[in-house]
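**Q** Have a peek at model_21.cif (mmCIF, C-alpha atoms and all ligand atoms).
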```cif
data_structure
loop_
_atom_site.label_atom_id
_atom_site.label_comp_id
_atom_site.auth_asym_id
_atom_site.auth_seq_id
_atom_site.Cartn_x
_atom_site.Cartn_y
_atom_site.Cartn_z
CA MET W 6 0.00 0.00 0.00
CA SER W 7 1.25 3.48 -0.83
CA GLU W 8 2.02 6.20 1.67
CA SER W 9 -1.19 7.92 2.74
CA THR W 10 -1.70 11.48 1.54
CA SER W 11 -3.87 14.28 2.84
CA SER W 12 -6.34 13.66 0.00
CA ASP W 13 -6.53 9.98 0.97
CA ARG W 14 -7.31 11.09 4.46
CA LEU W 15 -9.98 13.48 3.22
CA SER W 16 -11.78 10.83 1.21
CA PHE W 17 -11.39 8.38 4.08
CA ASN W 18 -12.97 10.84 6.51
CA ARG W 19 -15.70 11.58 4.00
CA ALA W 20 -16.56 7.89 3.76
CA ALA W 21 -16.57 7.68 7.54
CA PHE W 22 -18.82 10.73 7.71
CA LEU W 23 -21.18 9.25 5.13
CA ALA W 24 -21.53 6.13 7.22
CA GLY W 25 -22.05 8.22 10.36
CA GLY W 26 -24.40 10.54 8.45
CA LEU W 27 -27.01 7.80 8.22
CA ALA W 28 -27.33 7.97 11.96
CA THR W 29 -27.87 11.73 11.72
CA ILE W 30 -30.69 11.24 9.26
CA GLY W 31 -32.22 8.61 11.53
CA ALA W 32 -31.91 10.89 14.53
CA ALA W 33 -33.67 13.75 12.70
CA LEU W 34 -36.76 11.66 11.96
CA PRO W 35 -39.64 11.60 14.43
CA GLN W 36 -39.79 8.58 16.71
CA GLY W 37 -41.50 5.68 14.94
CA SER W 38 -40.61 6.65 11.38
CA ARG W 39 -36.93 5.80 11.81
CA ALA W 40 -35.62 3.09 9.52
CA ALA W 41 -35.46 -0.19 11.42
CA THR W 42 -32.11 -1.28 10.04
CA PRO W 43 -29.33 1.22 9.51
CA SER W 44 -27.18 0.41 6.54
CA LEU W 45 -24.17 1.59 4.64
CA PRO W 46 -24.64 3.61 1.43
CA ALA W 47 -25.88 1.58 -1.54
CA GLY W 48 -23.15 0.24 -3.81
CA VAL W 49 -20.62 -0.21 -1.02
CA THR W 50 -19.25 -3.73 -1.30
CA PRO W 51 -17.76 -5.78 1.55
CA GLU W 52 -14.49 -5.79 -0.41
CA ARG W 53 -14.41 -1.99 -0.32
CA LEU W 54 -15.03 -2.08 3.42
CA LEU W 55 -12.09 -4.45 3.80
CA GLY W 56 -9.97 -1.89 1.93
CA ARG W 57 -11.09 0.78 4.39
CA LEU W 58 -10.24 -1.45 7.35
CA MET W 59 -6.78 -2.28 6.01
CA ALA W 60 -6.10 1.39 5.18
CA GLY W 61 -6.72 2.07 8.86
CA ASN W 62 -4.17 -0.57 9.81
CA LYS W 63 -1.65 1.12 7.50
CA ARG W 64 -2.23 4.33 9.48
CA PHE W 65 -1.64 2.45 12.73
CA VAL W 66 1.63 1.00 11.43
CA ASP W 67 2.68 4.49 10.28
CA ASN W 68 1.60 6.10 13.57
CA ASP W 69 -0.75 8.33 11.58
CA PHE W 70 -3.69 9.05 13.88
CA PRO W 71 -6.62 11.31 12.94
CA ASN W 72 -7.56 14.41 14.86
CA ALA W 73 -9.02 13.28 18.18
CA ASN W 74 -11.51 16.18 18.13
CA LYS W 75 -13.58 14.16 15.63
CA PHE W 76 -14.66 11.90 18.47
CA ALA W 77 -16.92 14.57 19.97
CA GLU W 78 -18.67 15.01 16.61
CA LYS W 79 -19.16 11.26 16.19
CA ARG W 80 -20.51 10.88 19.72
CA GLU W 81 -23.26 13.37 18.95
CA LEU W 82 -24.05 11.77 15.58
CA LEU W 83 -24.40 8.29 16.98
CA THR W 84 -26.58 8.80 20.05
CA ALA W 85 -29.69 7.35 18.37
CA SER W 86 -28.31 4.52 16.27
CA GLN W 87 -25.19 2.82 14.96
CA ALA W 88 -24.08 1.30 11.67
CA PRO W 89 -20.59 -0.17 12.25
CA PHE W 90 -19.00 -0.96 8.89
CA ALA W 91 -17.14 -4.00 10.20
CA ALA W 92 -17.35 -6.51 13.04
CA ILE W 93 -14.17 -7.84 14.59
CA LEU W 94 -13.76 -11.03 16.56
CA GLY W 95 -10.49 -10.44 18.39
CA CYS W 96 -8.54 -11.93 21.27
CA SER W 97 -8.84 -10.49 24.79
CA ASP W 98 -5.05 -9.97 24.76
CA SER W 99 -4.26 -6.52 26.15
CA ARG W 100 -1.90 -5.76 23.27
CA VAL W 101 -4.39 -6.23 20.44
CA ILE W 102 -7.00 -3.47 20.54
CA PRO W 103 -9.13 -3.49 17.37
CA ASN W 104 -10.12 0.18 17.29
CA LEU W 105 -6.47 1.19 17.65
CA VAL W 106 -5.16 -1.47 15.27
CA PHE W 107 -7.43 -0.17 12.49
CA VAL W 108 -7.54 3.48 13.64
CA GLN W 109 -11.33 3.51 13.83
CA GLY W 110 -13.48 5.64 16.09
CA ILE W 111 -16.81 5.58 17.83
CA GLY W 112 -19.44 3.62 15.92
CA ASP W 113 -17.08 2.20 13.29
CA LEU W 114 -16.42 -1.30 14.60
CA PHE W 115 -18.62 -3.85 16.34
CA VAL W 116 -16.16 -5.78 18.49
CA ALA W 117 -16.34 -9.12 20.25
CA ARG W 118 -13.24 -10.14 22.17
CA VAL W 119 -12.56 -13.49 23.76
CA ALA W 120 -9.33 -15.31 24.61
CA GLY W 121 -8.26 -17.22 21.50
CA ASN W 122 -10.65 -15.30 19.17
CA PHE W 123 -12.73 -18.41 18.52
CA PRO W 124 -16.53 -18.12 18.34
CA ASP W 125 -18.74 -19.97 20.77
CA ASP W 126 -22.51 -19.52 20.51
CA LEU W 127 -22.57 -16.26 22.48
CA VAL W 128 -19.89 -14.69 20.32
CA THR W 129 -21.62 -15.94 17.18
CA ALA W 130 -24.84 -14.38 18.46
CA SER W 131 -23.07 -11.03 18.88
CA LEU W 132 -21.77 -11.15 15.31
CA GLU W 133 -25.18 -12.20 14.01
CA TYR W 134 -26.69 -9.21 15.77
CA SER W 135 -24.24 -6.87 14.10
CA VAL W 136 -24.95 -8.32 10.65
CA GLU W 137 -28.69 -8.71 10.99
CA HIS W 138 -29.60 -5.59 12.94
CA LEU W 139 -26.80 -3.12 12.36
CA GLY W 140 -26.18 -3.85 8.69
CA THR W 141 -22.54 -4.91 9.07
CA ARG W 142 -21.21 -6.51 5.89
CA LEU W 143 -17.66 -7.36 6.88
CA VAL W 144 -16.53 -9.68 9.69
CA MET W 145 -12.87 -10.18 10.50
CA VAL W 146 -11.48 -12.83 12.84
CA LEU W 147 -8.32 -11.20 14.16
CA GLY W 148 -5.73 -13.58 15.56
CA HIS W 149 -2.28 -12.52 16.69
CA GLU W 150 1.29 -13.61 17.21
CA GLY W 151 2.14 -14.94 20.64
CA CYS W 152 -1.45 -15.85 21.54
CA GLY W 153 -1.50 -17.37 25.04
CA ALA W 154 -4.77 -19.20 24.42
CA VAL W 155 -3.41 -20.85 21.26
CA LYS W 156 -0.17 -21.76 23.06
CA ALA W 157 -2.10 -23.32 25.94
CA VAL W 158 -4.31 -25.41 23.66
CA TYR W 159 -1.30 -26.42 21.54
CA SER W 160 0.58 -27.54 24.62
CA ALA W 161 -2.39 -29.47 26.06
CA ILE W 162 -2.85 -31.40 22.82
CA GLU W 163 0.89 -32.06 22.56
CA THR W 164 1.07 -33.46 26.09
CA ASN W 165 -2.26 -35.24 25.81
CA SER W 166 -3.62 -33.38 28.81
CA SER W 167 -6.66 -31.24 29.60
CA LEU W 168 -6.61 -27.55 30.43
CA PRO W 169 -7.94 -26.83 33.94
CA SER W 170 -11.17 -25.13 34.99
CA HIS W 171 -13.08 -23.18 32.36
CA LEU W 172 -10.02 -23.15 30.08
CA SER W 173 -11.15 -26.65 29.07
CA GLU W 174 -13.86 -24.89 27.03
CA LEU W 175 -11.17 -23.17 24.95
CA GLN W 176 -9.57 -26.55 24.33
CA ARG W 177 -12.90 -28.09 23.32
CA LEU W 178 -13.59 -25.31 20.81
CA MET W 179 -10.10 -24.55 19.50
CA GLY W 180 -8.57 -28.04 19.73
CA PRO W 181 -9.94 -29.46 16.46
CA GLY W 182 -8.55 -26.55 14.44
CA ILE W 183 -5.11 -26.72 16.02
CA ALA W 184 -4.69 -30.51 16.33
CA GLY W 185 -3.40 -30.96 12.76
CA VAL W 186 -0.62 -28.43 13.34
CA VAL W 187 0.42 -30.13 16.58
CA LYS W 188 0.48 -33.51 14.83
CA ALA W 189 2.70 -32.11 12.08
CA ARG W 190 4.93 -30.50 14.74
CA GLY W 191 4.14 -27.12 13.27
CA THR W 192 5.07 -23.76 14.76
CA GLU W 193 2.97 -21.65 17.08
CA ASP W 194 2.51 -19.18 14.24
CA ALA W 195 1.04 -22.01 12.14
CA ALA W 196 -1.31 -22.85 15.01
CA VAL W 197 -2.44 -19.22 15.25
CA GLU W 198 -3.22 -19.23 11.54
CA ALA W 199 -5.00 -22.62 11.70
CA ASN W 200 -7.10 -21.30 14.57
CA VAL W 201 -8.09 -18.21 12.58
CA ARG W 202 -8.98 -20.36 9.56
CA ALA W 203 -11.10 -22.67 11.70
CA ALA W 204 -12.89 -19.69 13.29
CA VAL W 205 -13.62 -18.14 9.87
CA ALA W 206 -14.91 -21.48 8.55
CA ARG W 207 -17.14 -21.95 11.59
CA LEU W 208 -18.67 -18.50 11.13
CA GLN W 209 -19.10 -18.98 7.39
CA LYS W 210 -21.04 -22.17 8.06
CA SER W 211 -23.13 -20.78 10.91
CA PRO W 212 -26.81 -20.76 9.91
CA PRO W 213 -28.95 -18.93 9.24
CA VAL W 214 -27.64 -15.35 9.26
CA LEU W 215 -23.89 -15.69 8.70
CA SER W 216 -23.97 -18.65 6.32
CA SER W 217 -26.63 -17.15 4.05
CA GLY W 218 -24.83 -13.78 4.01
CA ALA W 219 -21.50 -15.42 3.19
CA ASP W 220 -23.03 -17.68 0.52
CA SER W 221 -24.74 -14.79 -1.25
CA GLY W 222 -21.69 -12.52 -1.13
CA HIS W 223 -23.60 -9.90 0.86
CA LEU W 224 -21.30 -10.59 3.80
CA LEU W 225 -17.53 -11.07 3.72
CA ILE W 226 -15.96 -13.09 6.54
CA VAL W 227 -12.17 -12.96 6.54
CA GLY W 228 -9.23 -13.76 8.80
CA GLY W 229 -6.31 -11.55 9.76
CA ILE W 230 -3.22 -11.97 11.91
CA TYR W 231 -1.74 -9.13 13.93
CA ARG W 232 2.01 -8.79 14.30
CA LEU W 233 2.85 -7.62 17.82
CA GLY W 234 6.07 -5.77 16.99
CA THR W 235 5.00 -3.84 13.91
CA GLY W 236 1.23 -3.50 14.39
CA GLU W 237 0.65 -4.89 10.92
CA VAL W 238 -2.38 -7.05 10.08
CA ARG W 239 -1.83 -9.69 7.42
CA LEU W 240 -4.89 -11.10 5.72
CA VAL W 241 -5.20 -14.87 5.84
CA GLU W 242 -5.93 -15.91 2.27
ZN ZN Y 301 -4.54 -14.19 22.16
#
```
Turn this file's structure into structure tokens for me.
**A**
Amino acid sequence: MSESTSSDRLSFNRAAFLAGGLATIGAALPQGSRAATPSLPAGVTPERLLGRLMAGNKRFVDNDFPNANKFAEKRELLTASQAPFAAILGCSDSRVIPNLVFVQGIGDLFVARVAGNFPDDLVTASLEYSVEHLGTRLVMVLGHEGCGAVKAVYSAIETNSSLPSHLSELQRLMGPGIAGVVKARGTEDAAVEANVRAAVARLQKSPPVLSSGADSGHLLIVGGIYRLGTGEVRLVE
């Protein structure tokens, strides 16, 4: 990706304002006549939204943050409704903060975070809500280097043991996706990627909301891996 310019930033902010502007329109309508489902402007594809998300990550890597004063404006705009352009399923890890990683503000991202970034039914329900009721058309599962949850599950499988207490639930959910890497004596990085792939596949197959959206192309569900040292997100192809 090329170096961002001030005109890039302008068009980026304009797109963000357009998305936020829907909420303004909704807020101006009398109670009862408000559109039930906020949505992004017509003609915006999930692929374009992915470009917007990754452009934000480029800003994060370059330490190029927008003017913080915009937050006050967005707060006002979004008091009545929200239309986040992407949903992120990230890890609870304190070093991987989706809104910072993609340089997105209030109302831009619908975020679910859980250790190991793997969807159980509650997490899937959250993502369904974002897609069905908030009009989100892009979901990213965001794994990361050095994931403690992945390491723990990897190690439990390798030593043929069970994780203690509620961590056993992580092993039950994440184990099948990681087991092949452990068997092949793969690296932890490979396990992180396998876990992201398994999470994406599980969401893509989750009926009825996510699977039908993914099948029709209305919804894009992708995986990404965050690099701790550089802040870069690599898409998992
Ligand atoms: Zn993690």
**Q** Measuring between all atoms listed in the file, which one of W:Ala196, W:Val187, W:Leu58, W:Ala77 shows the shortest distance to Gly121 in chain W?
**A**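 Closest residue, counting all atoms listed in the file: W:Ala196.
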**Q** Please extract the residues at most 8 Å from ligand ZN 301 (chain Y), counting only C-alpha atoms and all ligand atoms, and provide them as JSON, numbers by chain, using the chain letters and residue numbers of this document.
**A** {"W": [95, 96, 97, 98, 120, 121, 122, 148, 149, 150, 151, 152, 153, 154, 155]}
**Q** What is the CA of Phe76 in chain W to CA of Asp113 in chain W distance in Å?
**A**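 Interatomic distance here is 11.3 Å.
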**Q** Rank W:His223, W:Arg57, W:Arg100, W:Lys63 by their smallest atom-to-atom distance to Leu114 in chain W, using all atoms listed in the file, and report the top residue only.
**A**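 So, comparing all the options, the nearest one is W:Arg57.
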**Q** Can you work out which one of W:Leu240, W:Ala60, W:Val227, W:Met145 has the shortest atom-to-atom distance to Ile93 in chain W, counting only C-alpha atoms?
**A**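 With only C-alpha atoms as the atom set, the closest residue is W:Met145.
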**Q** Could you please determine the separation between CA of Gly222 in chain W and CA of Pro124 in chain W in Å, to one decimal place?
**A**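 We find that CA of Gly222 in chain W and CA of Pro124 in chain W lie 20.9 Å from each other.
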**Q** Glu242 in chain W: which residues within 10 Å, counting all atoms listed in the file, same-chain residues fewer than 4 positions away excluded, as a PyMOL selection string?
**A** chain W and resi 202+227-229
**Q** Could you tell me which of W:Lys75, W:Arg207, W:His138, W:Arg177 comes closest to Gly110 in chain W if we count only C-alpha atoms?
**A**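 Looking only at the distances to Gly110 in chain W, the closest residue turns out to be W:Lys75.
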**Q** Can you work out the spacing between CA of Val101 in chain W and CA of Thr84 in chain W in Å, to one decimal?
**A**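 Between these atoms lies a distance of 26.8 Å.
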**Q** Could you check the closest approach to Ala92 in chain W for each of W:Met179, W:Val146, W:Val205, W:Val214 and tell me which residue wins, using all atoms listed in the file?
**A**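 The shortest atom-to-atom distance to Ala92 in chain W comes from W:Val146.
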**Q** From the set W:Ala157, W:Leu105, W:Val116, W:Ala184, which residue has the shortest atom-to-atom contact distance to Pro169 in chain W, counting all atoms listed in the file?
**A**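 Using all atoms listed in the file, Pro169 in chain W sits closest to W:Ala157.
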**Q** Complete the atom set of range 118-139 of chain W to N, CA and C atoms and return it as an mmCIF file, in the coordinates of the input.
**A**
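Printed below is part_31.cif as written:
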```cif
data_model
loop_
_atom_site.group_PDB
_atom_site.id
_atom_site.type_symbol
_atom_site.label_atom_id
_atom_site.label_comp_id
_atom_site.auth_asym_id
_atom_site.auth_seq_id
_atom_site.Cartn_x
_atom_site.Cartn_y
_atom_site.Cartn_z
ATOM 1 N N ARG W 118 -14.587 -9.665 21.823
ATOM 2 C CA ARG W 118 -13.240 -10.140 22.170
ATOM 3 C C ARG W 118 -13.332 -11.280 23.173
ATOM 4 N N VAL W 119 -12.583 -12.320 22.883
ATOM 5 C CA VAL W 119 -12.560 -13.490 23.760
ATOM 6 C C VAL W 119 -11.179 -14.149 23.599
ATOM 7 N N ALA W 120 -10.646 -14.680 24.688
ATOM 8 C CA ALA W 120 -9.330 -15.310 24.610
ATOM 9 C C ALA W 120 -9.323 -16.369 23.513
ATOM 10 N N GLY W 121 -8.391 -16.254 22.589
ATOM 11 C CA GLY W 121 -8.260 -17.220 21.500
ATOM 12 C C GLY W 121 -9.083 -16.881 20.267
ATOM 13 N N ASN W 122 -9.842 -15.775 20.326
ATOM 14 C CA ASN W 122 -10.650 -15.300 19.170
ATOM 15 C C ASN W 122 -11.355 -16.418 18.401
ATOM 16 N N PHE W 123 -11.966 -17.338 19.170
ATOM 17 C CA PHE W 123 -12.730 -18.410 18.520
ATOM 18 C C PHE W 123 -14.191 -18.278 18.952
ATOM 19 N N PRO W 124 -15.134 -18.394 18.005
ATOM 20 C CA PRO W 124 -16.530 -18.120 18.340
ATOM 21 C C PRO W 124 -17.247 -19.295 19.009
ATOM 22 N N ASP W 125 -17.747 -19.061 20.210
ATOM 23 C CA ASP W 125 -18.740 -19.970 20.770
ATOM 24 C C ASP W 125 -20.115 -19.420 20.379
ATOM 25 N N ASP W 126 -21.179 -19.967 20.936
ATOM 26 C CA ASP W 126 -22.510 -19.520 20.510
ATOM 27 C C ASP W 126 -22.802 -18.068 20.894
ATOM 28 N N LEU W 127 -22.306 -17.636 22.055
ATOM 29 C CA LEU W 127 -22.570 -16.260 22.480
ATOM 30 C C LEU W 127 -21.861 -15.257 21.565
ATOM 31 N N VAL W 128 -20.637 -15.568 21.221
ATOM 32 C CA VAL W 128 -19.890 -14.690 20.320
ATOM 33 C C VAL W 128 -20.544 -14.675 18.939
ATOM 34 N N THR W 129 -20.944 -15.859 18.480
ATOM 35 C CA THR W 129 -21.620 -15.940 17.180
ATOM 36 C C THR W 129 -22.904 -15.116 17.204
ATOM 37 N N ALA W 130 -23.614 -15.170 18.329
ATOM 38 C CA ALA W 130 -24.840 -14.380 18.460
ATOM 39 C C ALA W 130 -24.534 -12.884 18.344
ATOM 40 N N SER W 131 -23.446 -12.448 18.959
ATOM 41 C CA SER W 131 -23.070 -11.030 18.880
ATOM 42 C C SER W 131 -22.808 -10.624 17.431
ATOM 43 N N LEU W 132 -22.089 -11.470 16.711
ATOM 44 C CA LEU W 132 -21.770 -11.150 15.310
ATOM 45 C C LEU W 132 -23.029 -11.180 14.450
ATOM 46 N N GLU W 133 -23.890 -12.142 14.722
ATOM 47 C CA GLU W 133 -25.180 -12.200 14.010
ATOM 48 C C GLU W 133 -25.963 -10.905 14.226
ATOM 49 N N TYR W 134 -25.962 -10.440 15.455
ATOM 50 C CA TYR W 134 -26.690 -9.210 15.770
ATOM 51 C C TYR W 134 -26.155 -8.046 14.931
ATOM 52 N N SER W 135 -24.849 -7.966 14.860
ATOM 53 C CA SER W 135 -24.240 -6.870 14.100
ATOM 54 C C SER W 135 -24.626 -6.936 12.630
ATOM 55 N N VAL W 136 -24.630 -8.136 12.076
ATOM 56 C CA VAL W 136 -24.950 -8.320 10.650
ATOM 57 C C VAL W 136 -26.435 -8.100 10.391
ATOM 58 N N GLU W 137 -27.247 -8.725 11.218
ATOM 59 C CA GLU W 137 -28.690 -8.710 10.990
ATOM 60 C C GLU W 137 -29.332 -7.376 11.336
ATOM 61 N N HIS W 138 -28.905 -6.778 12.439
ATOM 62 C CA HIS W 138 -29.600 -5.590 12.940
ATOM 63 C C HIS W 138 -28.860 -4.287 12.728
ATOM 64 N N LEU W 139 -27.553 -4.365 12.535
ATOM 65 C CA LEU W 139 -26.800 -3.120 12.360
ATOM 66 C C LEU W 139 -26.286 -2.965 10.928
#
```
